[in-house]
>>> print(open('entry-v4.txt').read())   # compact mmCIF, C-alpha atoms
# COMPACT_ATOMS: atom_id res chain seq x y z
CA MET A 1425 12.32 38.51 27.08
CA THR A 1426 10.93 36.01 29.57
CA THR A 1427 12.29 32.53 30.12
CA ASP A 1428 9.21 31.12 28.39
CA ASP A 1429 9.90 33.17 25.28
CA LYS A 1430 13.49 31.97 25.27
CA THR A 1431 12.49 28.33 25.65
CA GLN A 1432 9.98 28.73 22.86
CA GLU A 1433 12.53 30.38 20.59
CA LYS A 1434 15.03 27.63 21.32
CA TRP A 1435 12.42 25.01 20.46
CA GLU A 1436 11.59 26.80 17.20
CA VAL A 1437 15.28 26.88 16.27
CA GLN A 1438 15.65 23.16 17.00
CA LEU A 1439 12.54 22.32 15.02
CA ARG A 1440 13.67 24.41 12.04
CA LYS A 1441 17.13 22.89 12.17
CA GLY A 1442 15.78 19.35 12.30
CA SER A 1443 13.35 19.79 9.44
CA LEU A 1444 15.59 21.89 7.18
CA GLU A 1445 16.81 19.04 5.03
CA LEU A 1446 13.24 17.91 4.37
CA VAL A 1447 12.22 21.52 3.66
CA ILE A 1448 14.92 21.96 1.01
CA LEU A 1449 14.27 18.60 -0.64
CA ALA A 1450 10.53 19.39 -0.67
CA ALA A 1451 11.07 22.85 -2.19
CA LEU A 1452 13.13 21.29 -4.98
CA GLN A 1453 10.69 18.46 -5.69
CA HIS A 1454 10.20 18.34 -9.49
CA ARG A 1455 11.55 21.89 -9.63
CA THR A 1456 14.88 23.51 -10.45
CA LEU A 1457 15.81 26.63 -8.51
CA TYR A 1458 18.93 28.73 -8.00
CA GLY A 1459 20.08 29.81 -4.55
CA LEU A 1460 18.47 33.24 -4.35
CA GLU A 1461 15.19 31.90 -5.71
CA LEU A 1462 15.15 29.06 -3.20
CA LEU A 1463 16.03 31.47 -0.38
CA LYS A 1464 13.09 33.69 -1.26
CA VAL A 1465 10.74 30.70 -1.30
CA LEU A 1466 11.96 29.61 2.15
CA GLN A 1467 11.83 33.14 3.56
CA SER A 1468 8.22 33.48 2.44
CA PHE A 1469 7.15 30.91 5.06
CA LYS A 1470 7.24 31.70 8.76
CA SER A 1471 8.71 28.40 9.90
CA THR A 1472 11.26 27.94 7.12
CA ALA A 1473 12.84 31.42 7.05
CA ILE A 1474 16.61 30.91 7.02
CA THR A 1475 19.56 33.09 6.06
CA GLU A 1476 22.02 32.84 3.19
CA GLY A 1477 24.69 31.74 5.64
CA THR A 1478 22.64 28.66 6.51
CA LEU A 1479 21.31 27.85 3.05
CA TYR A 1480 24.46 27.80 0.93
CA PRO A 1481 26.63 25.54 3.09
CA LEU A 1482 23.64 23.19 3.44
CA LEU A 1483 23.16 23.07 -0.35
CA ASP A 1484 26.87 22.29 -0.62
CA ARG A 1485 26.51 19.39 1.84
CA LEU A 1486 23.41 17.97 0.14
CA LYS A 1487 25.22 18.13 -3.18
CA ARG A 1488 28.22 16.34 -1.70
CA GLU A 1489 25.87 13.66 -0.36
CA GLU A 1490 24.52 13.34 -3.92
CA LEU A 1491 20.97 14.23 -2.89
CA LEU A 1492 21.13 17.32 -5.10
CA GLU A 1493 22.80 18.09 -8.39
CA ALA A 1494 23.79 21.55 -9.54
CA GLN A 1495 24.35 23.16 -12.89
CA TRP A 1496 25.53 26.59 -13.93
CA VAL A 1497 23.13 28.14 -16.43
CA GLN A 1498 23.51 31.40 -18.28
CA GLU A 1499 20.45 32.87 -19.97
CA GLY A 1500 21.14 35.78 -22.32
CA ASP A 1501 22.90 38.68 -20.66
CA ILE A 1502 22.04 37.70 -17.11
CA ARG A 1503 24.95 36.56 -14.96
CA PRO A 1504 25.30 32.77 -14.66
CA ARG A 1505 23.35 31.13 -11.87
CA LYS A 1506 23.79 27.79 -10.16
CA TYR A 1507 20.58 25.79 -10.40
CA TYR A 1508 19.81 22.94 -8.03
CA SER A 1509 17.57 19.92 -8.55
CA LEU A 1510 16.98 16.56 -6.85
CA THR A 1511 18.88 13.46 -7.89
CA ALA A 1512 17.17 10.05 -7.85
CA THR A 1513 18.73 9.50 -4.40
CA GLY A 1514 17.41 12.89 -3.28
CA LEU A 1515 13.91 12.05 -4.43
CA SER A 1516 13.97 8.73 -2.60
CA LYS A 1517 15.34 10.44 0.54
CA LEU A 1518 12.53 12.97 0.28
CA GLY A 1519 10.07 10.05 0.28
CA ASP A 1520 11.65 8.58 3.44
CA LEU A 1521 11.74 11.89 5.30
CA THR A 1522 8.15 12.70 4.26
CA GLY A 1523 7.01 9.40 5.78
CA LEU A 1524 8.81 10.15 9.06
CA TRP A 1525 7.48 13.70 9.16
CA ARG A 1526 3.85 12.67 8.56
CA GLN A 1527 4.08 9.90 11.15
CA SER A 1528 5.44 12.37 13.68
CA VAL A 1529 2.72 14.94 13.00
CA GLN A 1530 0.04 12.24 13.15
CA ASP A 1531 1.32 10.93 16.51
CA ILE A 1532 1.55 14.38 18.08
CA GLU A 1533 -1.88 15.34 16.73
CA TYR A 1534 -3.33 12.18 18.26
CA LEU A 1535 -1.86 13.04 21.67
CA LEU A 1536 -3.13 16.61 21.44
CA ALA A 1537 -6.61 15.43 20.48
CA HIS A 1538 -6.82 13.02 23.43
CA PRO A 1539 -6.29 14.93 26.66
CA GLY A 1540 -6.86 13.38 30.09
CA PRO A 1541 -8.37 12.35 32.37
CA ASP A 1542 -9.50 9.56 30.04
CA PRO A 1543 -6.75 6.96 29.65
CA ILE A 1544 -4.95 7.00 26.34
CA LYS A 1545 -5.10 3.92 24.15
CA VAL A 1546 -1.66 2.33 24.29
CA THR A 1547 -0.65 -0.01 21.51
CA GLY A 1548 2.49 -2.06 21.21
CA VAL A 1549 4.63 -2.77 24.29
CA MET B 1033 32.58 51.78 -2.28
CA GLU B 1034 29.83 49.14 -2.10
CA GLN B 1035 31.75 47.04 -4.61
CA GLN B 1036 34.83 47.35 -2.48
CA ILE B 1037 33.06 46.05 0.66
CA ILE B 1038 31.79 43.06 -1.30
CA HIS B 1039 35.16 42.25 -2.84
CA GLN B 1040 36.81 42.53 0.53
CA TYR B 1041 34.23 40.13 2.00
CA LEU B 1042 34.76 37.62 -0.82
CA ASN B 1043 38.54 37.86 -0.52
CA THR B 1044 38.39 37.23 3.20
CA LEU B 1045 36.02 34.32 2.65
CA GLN B 1046 38.36 32.85 0.05
CA SER B 1047 41.30 33.00 2.41
CA TYR B 1048 39.33 30.98 4.97
CA LEU B 1049 38.39 28.41 2.31
CA ALA B 1050 42.04 27.46 1.80
CA ARG B 1051 41.42 23.89 2.93
CA LEU B 1052 39.12 23.26 -0.04
CA SER B 1053 40.61 22.51 -3.43
CA PRO B 1054 41.10 25.69 -5.51
CA ALA B 1055 38.29 24.60 -7.85
CA GLU B 1056 35.86 24.01 -4.98
CA ALA B 1057 36.74 27.31 -3.31
CA LYS B 1058 36.28 29.14 -6.63
CA GLU B 1059 32.88 27.53 -7.07
CA VAL B 1060 31.74 28.66 -3.59
CA ILE B 1061 32.91 32.23 -4.20
CA ARG B 1062 31.36 32.32 -7.65
CA GLU B 1063 27.96 31.24 -6.33
CA ILE B 1064 27.94 33.73 -3.45
CA GLU B 1065 29.14 36.51 -5.72
CA SER B 1066 26.37 35.71 -8.19
CA HIS B 1067 23.81 35.79 -5.35
CA ILE B 1068 25.02 39.16 -4.03
CA PHE B 1069 25.06 40.95 -7.39
CA ASP B 1070 21.72 39.40 -8.37
CA LEU B 1071 20.19 40.69 -5.17
CA ILE B 1072 21.65 44.17 -5.66
CA GLU B 1073 20.27 44.35 -9.19
CA GLN B 1074 16.85 43.13 -8.08
CA ARG B 1075 16.69 45.63 -5.23
CA GLU B 1076 17.81 48.50 -7.44
CA ALA B 1077 15.23 47.54 -10.06
CA ALA B 1078 12.55 47.59 -7.35
CA GLY B 1079 13.77 50.98 -6.13
CA GLN B 1080 14.87 49.55 -2.76
CA PRO B 1081 18.11 50.43 -1.00
CA ALA B 1082 20.80 47.89 -1.87
CA ASP B 1083 23.59 48.51 0.59
CA ALA B 1084 26.29 45.88 0.71
CA ALA B 1085 26.39 45.66 4.51
CA SER B 1086 22.76 44.61 4.85
CA ILE B 1087 23.10 42.04 2.07
CA LEU B 1088 26.28 40.57 3.52
CA GLN B 1089 24.66 40.34 6.94
CA GLY B 1090 22.65 37.33 5.81
CA PHE B 1091 25.85 35.43 5.05
CA GLY B 1092 27.35 36.12 8.47
CA GLU B 1093 31.03 36.44 9.32
CA PRO B 1094 33.29 35.12 6.51
CA ARG B 1095 35.15 32.91 8.97
CA GLN B 1096 31.96 31.26 10.26
CA LEU B 1097 30.56 30.83 6.77
CA ALA B 1098 33.81 29.25 5.57
CA ALA B 1099 33.89 26.98 8.62
CA GLN B 1100 30.62 25.40 7.49
CA TYR B 1101 32.04 24.71 4.04
CA VAL B 1102 35.20 23.09 5.36
CA ALA B 1103 33.60 21.26 8.30
CA HIS B 1104 33.40 18.00 6.35
CA ILE B 1105 37.16 18.04 5.78
CA ALA B 1106 37.90 18.54 9.46
CA ASP B 1107 35.46 15.75 10.43
CA GLY B 1108 36.98 13.47 7.85
CA ALA B 1109 34.88 12.21 4.98
CA PRO B 1110 32.95 9.05 5.86
CA PRO B 1111 34.91 5.94 4.88
CA PRO B 1112 33.83 4.07 1.75
CA LEU B 1113 31.37 1.22 2.40
CA GLY B 1114 33.96 -1.57 2.43
CA PHE B 1115 35.97 0.21 5.10
CA ARG B 1116 33.30 -0.04 7.80
CA ALA B 1117 35.08 -3.09 9.17
CA ILE B 1118 38.07 -0.93 10.13
CA GLN B 1119 35.81 1.32 12.17
CA ARG B 1120 34.40 -1.74 13.91
CA VAL B 1121 37.88 -3.08 14.71
CA LYS B 1122 38.90 0.34 16.02
CA TYR B 1123 35.79 0.51 18.16
CA GLY B 1124 36.42 -3.03 19.46
CA VAL B 1125 39.99 -2.15 20.42
CA THR B 1126 38.99 1.00 22.26
CA ALA B 1127 36.19 -0.80 24.13
CA SER B 1128 38.45 -3.66 25.26
CA LEU B 1129 41.17 -1.18 26.21
CA TYR B 1130 38.67 0.74 28.33
CA TYR B 1131 37.24 -2.28 30.16
CA GLY B 1132 40.64 -3.97 30.41
CA MET B 1133 42.04 -0.86 32.04
CA ALA B 1134 39.10 -0.68 34.45
CA VAL B 1135 39.36 -4.34 35.54
CA PHE B 1136 43.17 -4.21 35.85
CA GLY B 1137 43.32 -0.94 37.80
CA PHE B 1138 40.43 -1.52 40.18
CA MET B 1139 41.39 -5.12 40.88
CA ILE B 1140 44.94 -4.27 41.95
CA SER B 1141 43.75 -1.31 43.99
CA PHE B 1142 41.14 -3.52 45.69
CA CYS B 1143 43.81 -6.14 46.48
CA LEU B 1144 46.06 -3.50 48.09
CA LEU B 1145 43.20 -2.19 50.25
CA PHE B 1146 42.24 -5.75 51.18
CA LEU B 1147 45.86 -6.47 52.17
CA ALA B 1148 45.90 -3.40 54.45
CA GLY B 1149 42.64 -4.51 56.10
CA ALA B 1150 43.85 -8.07 56.55
CA LYS B 1151 47.11 -6.90 58.12
CA LEU B 1152 45.09 -5.07 60.76
CA ILE B 1153 42.97 -8.12 61.57
CA THR B 1154 45.63 -10.85 61.50
CA PRO B 1155 48.98 -9.02 61.78
CA ASP B 1156 51.01 -12.22 62.11
CA ALA B 1157 49.71 -14.11 59.09
CA VAL B 1158 49.84 -11.23 56.61
CA GLY B 1159 52.85 -9.32 55.43
CA VAL B 1160 55.66 -8.79 52.96
CA TRP B 1161 58.68 -10.98 53.36
CA ALA B 1162 62.01 -10.86 51.57
CA MET B 1163 63.67 -14.27 51.25
CA SER B 1164 66.88 -15.72 49.85
CA GLU B 1165 68.68 -12.50 50.49
CA GLY B 1166 66.26 -10.44 48.50
CA ASN B 1167 65.95 -12.78 45.53
CA SER B 1168 62.36 -13.63 46.32
CA LEU B 1169 59.54 -11.48 47.60
CA THR B 1170 56.41 -12.89 49.18
CA ILE B 1171 53.30 -10.86 49.74
CA GLY B 1172 50.15 -12.29 51.26
CA PHE B 1173 48.65 -14.73 53.73
CA MET B 1174 50.86 -17.43 55.15
CA SER B 1175 49.53 -20.42 57.07
CA GLU B 1176 53.06 -20.82 58.47
CA PRO B 1177 54.36 -17.26 58.56
CA PHE B 1178 58.04 -16.56 58.13
CA PRO B 1179 59.94 -15.29 61.15
CA PRO B 1180 58.84 -11.74 62.01
CA GLU B 1181 62.40 -10.45 61.77
CA GLN B 1182 62.46 -11.25 58.02
CA GLU B 1183 59.26 -9.25 57.42
CA LEU B 1184 59.53 -5.94 55.64
CA LEU B 1185 57.46 -2.91 56.69
CA GLY B 1186 55.66 -4.67 59.54
CA ILE B 1187 52.57 -2.76 60.62
CA ALA B 1188 53.64 0.10 58.32
CA LEU B 1189 52.24 -2.12 55.55
CA VAL B 1190 48.75 -0.87 56.52
CA PRO B 1191 49.22 2.84 55.62
CA VAL B 1192 51.52 2.02 52.68
CA ALA B 1193 49.06 -0.41 51.09
CA THR B 1194 46.09 1.90 51.80
CA VAL B 1195 47.77 4.91 50.20
CA LEU B 1196 48.96 2.88 47.20
CA GLY B 1197 45.50 1.34 46.77
CA LEU B 1198 43.71 4.69 46.90
CA LEU B 1199 46.29 6.30 44.61
CA LEU B 1200 45.87 3.52 42.07
CA MET B 1201 42.08 3.83 42.23
CA TRP B 1202 42.29 7.56 41.61
CA LEU B 1203 44.76 7.02 38.74
CA THR B 1204 42.54 4.37 37.15
CA ARG B 1205 39.55 6.68 37.27
CA ARG B 1206 41.53 9.49 35.67
CA ILE B 1207 42.80 7.22 32.89
CA LEU B 1208 39.29 5.89 32.24
CA ALA B 1209 37.96 9.44 32.02
CA VAL B 1210 40.65 10.32 29.47
CA LEU B 1211 39.96 7.16 27.45
CA LYS B 1212 36.24 7.84 27.45
CA ASN B 1213 36.64 11.41 26.23
CA HIS B 1214 39.30 10.88 23.60
CA LEU B 1215 38.71 7.50 22.02
>>> encode(input="entry-v4.txt", output="structure tokens")
Amino acid sequence: MTTDDKTQEKWEVQLRKGSLELVILAALQHRTLYGLELLKVLQSFKSTAITEGTLYPLLDRLKREELLEAQWVQEGDIRPRKYYSLTATGLSKLGDLTGLWRQSVQDIEYLLAHPGPDPIKVTGV
Amino acid sequence: MEQQIIHQYLNTLQSYLARLSPAEAKEVIREIESHIFDLIEQREAAGQPADAASILQGFGEPRQLAAQYVAHIADGAPPPLGFRAIQRVKYGVTASLYYGMAVFGFMISFCLLFLAGAKLITPDAVGVWAMSEGNSLTIGFMSEPFPPEQELLGIALVPVATVLGLLLMWLTRRILAVLKNHL
């Protein structure tokens, strides 16, 4: 593995780590899922693939922060499962994080779309 | 055999979750257990191999997994809203302790070095004198210096003050480093 590959992998890990909370809140938007179901959803996307060992403690933290609520449900003979959904606080946090995420993507896209040597339009200070 | 590996994993995990309340620890174990057996059933139904080791791999080492669940206890839960003021007072105290220590230490060490330098330049007007049979000690500049025979140290004041000054500067820096890292 070259140094470039390592740097890139490190960056991917950082990016995934930073956006994970938003990813989980987004996956649970107007939806109720249990752990394994949520894990499969996340693992089906390249940039959100995480392991059980990351997901469950994170769900526990988000529940403690009252962004998520959980309920054990038993349907028929199937073993009981713990279903997660957003609380009102979680939904409002999702709104905040979505705004930040979109702003960030928009800013980076703008920079990418305006390479030199032309000067870049600077607003603000 | 597979069941045994899983139970052993869950037992180990539970032992590392001892800092949680029994109800919380039970809840964590119950959820992970449900996940594992769900996954085994789903894989068996799909005709895929469902070996315990590969399933447990995703959860990682029991000790590391447990550490994430108990991390919030070790960090201390955030104080309730009204208690923010205490944090601010604590922060204020540590900041004034840090800067107070810096000013105090460096100022005295600077004075000692200055005294050593001054003794070299004007040996007669600077010194340490003991008066009234040792009941009073005078250090500094004197416009009308005391008789040289009453002076302590003499020119030895230069190395003594230099060494003390440098020692105090080093000590102050060490203390500041400790304060910065631990407060």
>>> closest_atom_pairs(input="entry-v4.txt", of="chain A", to="chain B", cutoff="7 Å", atoms="all atoms listed in the file", output="Markdown table")
| residue | atom | partner | partner_atom | distance |
| --- | --- | --- | --- | --- |
| A:Leu1460 | CA | B:His1067 | CA | 6.0 |
| A:Thr1475 | CA | B:Gly1090 | CA | 5.3 |
| A:Glu1476 | CA | B:Phe1091 | CA | 5.0 |
| A:Gly1477 | CA | B:Phe1091 | CA | 3.9 |
| A:Pro1481 | CA | B:Tyr1101 | CA | 5.6 |
| A:Arg1503 | CA | B:Ser1066 | CA | 7.0 |
| A:Arg1505 | CA | B:Ser1066 | CA | 6.6 |
| A:Lys1506 | CA | B:Glu1063 | CA | 6.6 |
>>> closest_residue(input="entry-v4.txt", among="A:Thr1478, A:Tyr1458, A:Glu1445, A:Leu1521", to="Gln1498 of chain A", atoms="all atoms listed in the file")
A:Tyr1458
>>> residues_around(input="entry-v4.txt", residues="Ile1474 of chain A", least_positions_apart="5", cutoff="9 Å", atoms="all atoms listed in the file", output="PDB file with C-alpha atoms, in the coordinates of the input")
ATOM      1  CA  ARG A1440      13.670  24.410  12.040  1.00  0.00           C
ATOM      2  CA  LEU A1463      16.030  31.470  -0.380  1.00  0.00           C
ATOM      3  CA  LEU A1466      11.960  29.610   2.150  1.00  0.00           C
ATOM      4  CA  GLN A1467      11.830  33.140   3.560  1.00  0.00           C
ATOM      5  CA  LEU A1479      21.310  27.850   3.050  1.00  0.00           C
TER       6      LEU A1479
ATOM      7  CA  GLY B1090      22.650  37.330   5.810  1.00  0.00           C
TER       8      GLY B1090
END
>>> atom_distance(input="entry-v4.txt", atom1="atom CA of Gly1197 of chain B", atom2="atom CA of Gly1149 of chain B")
11.4 Å
>>> closest_residue(input="entry-v4.txt", among="A:Leu1491, A:Trp1496, A:Arg1455, A:Ile1532", to="Leu1518 of chain A", atoms="all atoms listed in the file")
A:Leu1491
>>> atom_distance(input="entry-v4.txt", atom1="atom CA of Ser1443 of chain A", atom2="atom CA of Thr1472 of chain A")
8.7 Å
>>> residues_near_point(input="entry-v4.txt", point="(18.2, 20.4, -9.0)", cutoff="6 Å", atoms="only C-alpha atoms", output="list in words")
Thr1456, Leu1492, Glu1493, Ala1494, Tyr1508, Ser1509 and Leu1510 of chain A
>>> atom_distance(input="entry-v4.txt", atom1="atom CA of Ala1157 of chain B", atom2="atom CA of Phe1173 of chain B")
5.5 Å
>>> residues_around(input="entry-v4.txt", residues="Gly1519 of chain A", least_positions_apart="6", cutoff="10 Å", atoms="only C-alpha atoms", output="ChimeraX atom specification")
/A:1446,1449-1450,1513,1525
